[in-house]
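Asker: Dropping in model_14.pdb, with PDB, C-alpha atoms.
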MODEL        1
ATOM      1  CA  MET A  37      12.826 -11.633 -24.888  1.00  0.00           C
ATOM      2  CA  ASN A  38      12.951 -10.075 -28.324  1.00  0.00           C
ATOM      3  CA  GLU A  39      16.155  -8.288 -29.075  1.00  0.00           C
ATOM      4  CA  PRO A  40      15.793  -4.902 -30.726  1.00  0.00           C
ATOM      5  CA  GLN A  41      16.198  -5.298 -34.478  1.00  0.00           C
ATOM      6  CA  ARG A  42      18.370  -3.107 -36.635  1.00  0.00           C
ATOM      7  CA  PRO A  43      16.433  -0.742 -38.908  1.00  0.00           C
ATOM      8  CA  ASP A  44      17.299  -2.704 -42.087  1.00  0.00           C
ATOM      9  CA  GLU A  45      16.066  -5.973 -40.492  1.00  0.00           C
ATOM     10  CA  ARG A  46      12.785  -4.281 -39.556  1.00  0.00           C
ATOM     11  CA  VAL A  47      12.352  -2.962 -43.078  1.00  0.00           C
ATOM     12  CA  GLU A  48      13.026  -6.423 -44.545  1.00  0.00           C
ATOM     13  CA  GLU A  49      10.484  -7.994 -42.157  1.00  0.00           C
ATOM     14  CA  LEU A  50       7.863  -5.379 -43.063  1.00  0.00           C
ATOM     15  CA  LEU A  51       8.467  -5.977 -46.770  1.00  0.00           C
ATOM     16  CA  ARG A  52       8.035  -9.753 -46.296  1.00  0.00           C
ATOM     17  CA  VAL A  53       4.782  -9.275 -44.372  1.00  0.00           C
ATOM     18  CA  ASN A  54       3.538  -6.780 -46.960  1.00  0.00           C
ATOM     19  CA  GLU A  55       4.337  -9.226 -49.764  1.00  0.00           C
ATOM     20  CA  ARG A  56       2.424 -12.046 -48.029  1.00  0.00           C
ATOM     21  CA  LEU A  57      -0.592  -9.794 -47.445  1.00  0.00           C
ATOM     22  CA  ALA A  58      -0.548  -8.597 -51.053  1.00  0.00           C
ATOM     23  CA  ALA A  59      -0.496 -12.214 -52.275  1.00  0.00           C
ATOM     24  CA  GLU A  60      -3.415 -13.064 -49.992  1.00  0.00           C
ATOM     25  CA  VAL A  61      -5.447 -10.104 -51.228  1.00  0.00           C
ATOM     26  CA  ARG A  62      -4.694 -11.042 -54.879  1.00  0.00           C
ATOM     27  CA  ASN A  63      -5.798 -14.647 -54.256  1.00  0.00           C
ATOM     28  CA  LEU A  64      -9.023 -13.491 -52.628  1.00  0.00           C
ATOM     29  CA  THR A  65      -9.741 -10.997 -55.418  1.00  0.00           C
ATOM     30  CA  LEU A  66      -9.117 -13.554 -58.167  1.00  0.00           C
ATOM     31  CA  GLY A  67     -11.211 -16.170 -56.363  1.00  0.00           C
ATOM     32  CA  TYR A  68      -8.348 -18.583 -55.724  1.00  0.00           C
ATOM     33  CA  SER A  69      -9.219 -18.559 -52.016  1.00  0.00           C
ATOM     34  CA  GLN A  70     -12.741 -18.815 -50.641  1.00  0.00           C
ATOM     35  CA  THR A  71     -12.242 -17.108 -47.283  1.00  0.00           C
ATOM     36  CA  PRO A  72      -9.505 -15.006 -45.785  1.00  0.00           C
ATOM     37  CA  ARG A  73      -7.303 -16.524 -43.124  1.00  0.00           C
ATOM     38  CA  PRO A  74      -8.539 -16.106 -39.558  1.00  0.00           C
ATOM     39  CA  ALA A  75      -7.192 -12.990 -37.938  1.00  0.00           C
ATOM     40  CA  GLY A  76      -7.055 -14.348 -34.433  1.00  0.00           C
ATOM     41  CA  MET A  77      -8.462 -11.899 -31.934  1.00  0.00           C
ATOM     42  CA  PRO A  78      -9.521  -8.412 -33.088  1.00  0.00           C
ATOM     43  CA  ALA A  79      -7.368  -5.606 -31.774  1.00  0.00           C
ATOM     44  CA  SER A  80     -10.288  -3.982 -29.967  1.00  0.00           C
ATOM     45  CA  ARG A  81     -11.015  -7.183 -28.038  1.00  0.00           C
ATOM     46  CA  ARG A  82      -7.314  -7.623 -27.204  1.00  0.00           C
ATOM     47  CA  LEU A  83      -7.220  -4.045 -25.985  1.00  0.00           C
ATOM     48  CA  GLY A  84     -10.335  -4.609 -23.888  1.00  0.00           C
ATOM     49  CA  LYS A  85      -8.779  -7.689 -22.286  1.00  0.00           C
ATOM     50  CA  LEU A  86      -5.553  -5.822 -21.584  1.00  0.00           C
ATOM     51  CA  LEU A  87      -7.439  -2.924 -20.008  1.00  0.00           C
ATOM     52  CA  ALA A  88      -9.476  -5.303 -17.849  1.00  0.00           C
ATOM     53  CA  GLU A  89      -6.286  -7.080 -16.751  1.00  0.00           C
ATOM     54  CA  ARG A  90      -4.640  -3.723 -15.974  1.00  0.00           C
ATOM     55  CA  ASP A  91      -7.636  -2.670 -13.859  1.00  0.00           C
ATOM     56  CA  ARG A  92      -7.651  -6.016 -12.023  1.00  0.00           C
ATOM     57  CA  LEU A  93      -3.927  -5.778 -11.320  1.00  0.00           C
ATOM     58  CA  ALA A  94      -4.260  -2.146 -10.156  1.00  0.00           C
ATOM     59  CA  ALA A  95      -6.985  -3.183  -7.698  1.00  0.00           C
ATOM     60  CA  GLU A  96      -4.834  -6.098  -6.520  1.00  0.00           C
ATOM     61  CA  LEU A  97      -1.892  -3.727  -6.044  1.00  0.00           C
ATOM     62  CA  GLU A  98      -4.006  -1.338  -3.963  1.00  0.00           C
ATOM     63  CA  ALA A  99      -5.239  -4.214  -1.784  1.00  0.00           C
ATOM     64  CA  THR A 100      -1.661  -5.398  -1.310  1.00  0.00           C
ATOM     65  CA  LYS A 101      -0.521  -1.886  -0.382  1.00  0.00           C
ATOM     66  CA  ALA A 102      -3.335  -1.595   2.163  1.00  0.00           C
ATOM     67  CA  GLY A 103      -2.378  -4.955   3.666  1.00  0.00           C
ATOM     68  CA  LEU A 104       1.266  -3.920   3.785  1.00  0.00           C
ATOM     69  CA  GLU A 105       0.397  -0.690   5.609  1.00  0.00           C
ATOM     70  CA  GLU A 106      -1.657  -2.677   8.140  1.00  0.00           C
ATOM     71  CA  VAL A 107       1.187  -5.137   8.719  1.00  0.00           C
ATOM     72  CA  SER A 108       3.685  -2.271   9.033  1.00  0.00           C
ATOM     73  CA  GLY A 109       1.501  -0.601  11.657  1.00  0.00           C
ATOM     74  CA  HIS A 110       1.146  -3.855  13.574  1.00  0.00           C
ATOM     75  CA  ARG A 111       4.905  -4.430  13.390  1.00  0.00           C
ATOM     76  CA  ALA A 112       5.599  -0.927  14.729  1.00  0.00           C
ATOM     77  CA  GLY A 113       3.249  -1.634  17.645  1.00  0.00           C
ATOM     78  CA  LEU A 114       5.009  -4.926  18.380  1.00  0.00           C
ATOM     79  CA  GLU A 115       8.427  -3.240  18.267  1.00  0.00           C
ATOM     80  CA  ALA A 116       7.251  -0.608  20.749  1.00  0.00           C
ATOM     81  CA  GLN A 117       5.817  -3.330  22.992  1.00  0.00           C
ATOM     82  CA  ASN A 118       9.085  -5.289  22.746  1.00  0.00           C
ATOM     83  CA  GLN A 119      11.091  -2.224  23.811  1.00  0.00           C
ATOM     84  CA  GLU A 120       8.720  -1.619  26.722  1.00  0.00           C
ATOM     85  CA  LEU A 121       9.087  -5.233  27.864  1.00  0.00           C
ATOM     86  CA  ALA A 122      12.884  -5.031  27.562  1.00  0.00           C
ATOM     87  CA  ARG A 123      12.843  -1.916  29.770  1.00  0.00           C
ATOM     88  CA  GLU A 124      10.607  -3.709  32.274  1.00  0.00           C
ATOM     89  CA  VAL A 125      12.896  -6.757  32.372  1.00  0.00           C
ATOM     90  CA  ALA A 126      15.915  -4.523  32.887  1.00  0.00           C
ATOM     91  CA  LEU A 127      14.102  -2.653  35.661  1.00  0.00           C
ATOM     92  CA  LEU A 128      13.030  -5.877  37.393  1.00  0.00           C
ATOM     93  CA  SER A 129      16.505  -7.375  37.334  1.00  0.00           C
ATOM     94  CA  GLU A 130      18.209  -4.260  38.739  1.00  0.00           C
ATOM     95  CA  GLY A 131      18.798  -3.488  42.385  1.00  0.00           C
ATOM     96  CA  PHE A 132      18.284  -5.562  45.498  1.00  0.00           C
ATOM     97  CA  GLY A 133      14.802  -6.725  44.452  1.00  0.00           C
ATOM     98  CA  GLY A 134      16.141  -7.973  41.119  1.00  0.00           C
ATOM     99  CA  VAL A 135      18.916  -9.916  42.812  1.00  0.00           C
ATOM    100  CA  LEU A 136      16.399 -11.523  45.183  1.00  0.00           C
ATOM    101  CA  ARG A 137      14.100 -12.464  42.277  1.00  0.00           C
ATOM    102  CA  ASN A 138      16.998 -14.026  40.372  1.00  0.00           C
ATOM    103  CA  LEU A 139      18.128 -16.024  43.447  1.00  0.00           C
ATOM    104  CA  ARG A 140      14.562 -17.205  44.089  1.00  0.00           C
ATOM    105  CA  ALA A 141      14.226 -18.302  40.451  1.00  0.00           C
ATOM    106  CA  ARG A 142      17.518 -20.224  40.576  1.00  0.00           C
ATOM    107  CA  LEU A 143      16.581 -21.929  43.815  1.00  0.00           C
ATOM    108  CA  SER A 144      13.190 -22.814  42.405  1.00  0.00           C
ATOM    109  CA  LEU A 145      14.785 -24.354  39.329  1.00  0.00           C
ATOM    110  CA  ARG A 146      17.266 -26.379  41.428  1.00  0.00           C
ATOM    111  CA  ALA A 147      14.468 -27.692  43.601  1.00  0.00           C
ATOM    112  CA  GLY A 148      12.651 -28.867  40.477  1.00  0.00           C
ATOM    113  CA  GLY A 149      10.013 -26.177  40.670  1.00  0.00           C
ATOM    114  CA  GLY A 150      10.354 -25.112  37.043  1.00  0.00           C
ATOM    115  CA  ALA A 151       7.767 -22.546  36.142  1.00  0.00           C
ATOM    116  CA  ALA A 152       5.559 -22.961  39.166  1.00  0.00           C
ATOM    117  CA  PRO A 153       2.821 -20.331  39.598  1.00  0.00           C
ATOM    118  CA  GLY A 154       4.028 -19.444  43.077  1.00  0.00           C
ATOM    119  CA  PRO A 155       4.472 -20.826  46.589  1.00  0.00           C
ATOM    120  CA  PRO A 156       1.537 -22.868  47.936  1.00  0.00           C
ATOM    121  CA  GLY A 157      -0.875 -21.063  50.189  1.00  0.00           C
ATOM    122  CA  ARG A 158      -0.878 -17.792  48.285  1.00  0.00           C
TER     123      ARG A 158
ENDMDL
END
Please lay out the structure from this file as structure tokens.

Answerer:
Amino acid sequence: MNEPQRPDERVEELLRVNERLAAEVRNLTLGYSQTPRPAGMPASRRLGKLLAERDRLAAELEATKAGLEEVSGHRAGLEAQNQELAREVALLSEGFGGVLRNLRARLSLRAGGGAAPGPPGR
């Protein structure tokens, strides 16, 4: 980016620009030039474009914040659901019933049952 200039460099730059503008005005006044140089975009139009861009970006930022809040809420719900499922898994694997379920699952896997829906006839 532009480095900040020292005060004397800024003054020199302003004097150079002022000298060029004075020469241009003299040439126009004396008729040496037919038309002034194009000024690019008027400041008011540049300002209007900048304000429109600022408004567009502000609206985009608000939409992004709303989306982020929605995702955060969804994530919090998933974390709560994950904790509930972890508690359920811990509860199911505890005690005599948990041991029996684990043994049944191991036996089913050894027999090639995999993830079978359940014993036939149920």

Asker: Rounded to one decimal place, report the atom CA of A:Ser69-atom CA of A:Arg56 distance in Å.

Answerer: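 Computed distance, atom CA of A:Ser69 to atom CA of A:Arg56, equals 13.9 Å.
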
Asker: Can you tell me how far atom CA of A:Val107 sits from atom CA of A:Arg90, in Å to one decimal?

Answerer: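 Atom CA of A:Val107 sits 25.4 Å away from atom CA of A:Arg90.
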
Asker: For atom CA of A:Ala122 and atom CA of A:Asn138, determine how far apart the two atoms are, in Å to one decimal place.

Answerer: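 Between atom CA of A:Ala122 and atom CA of A:Asn138 the gap is 16.2 Å.
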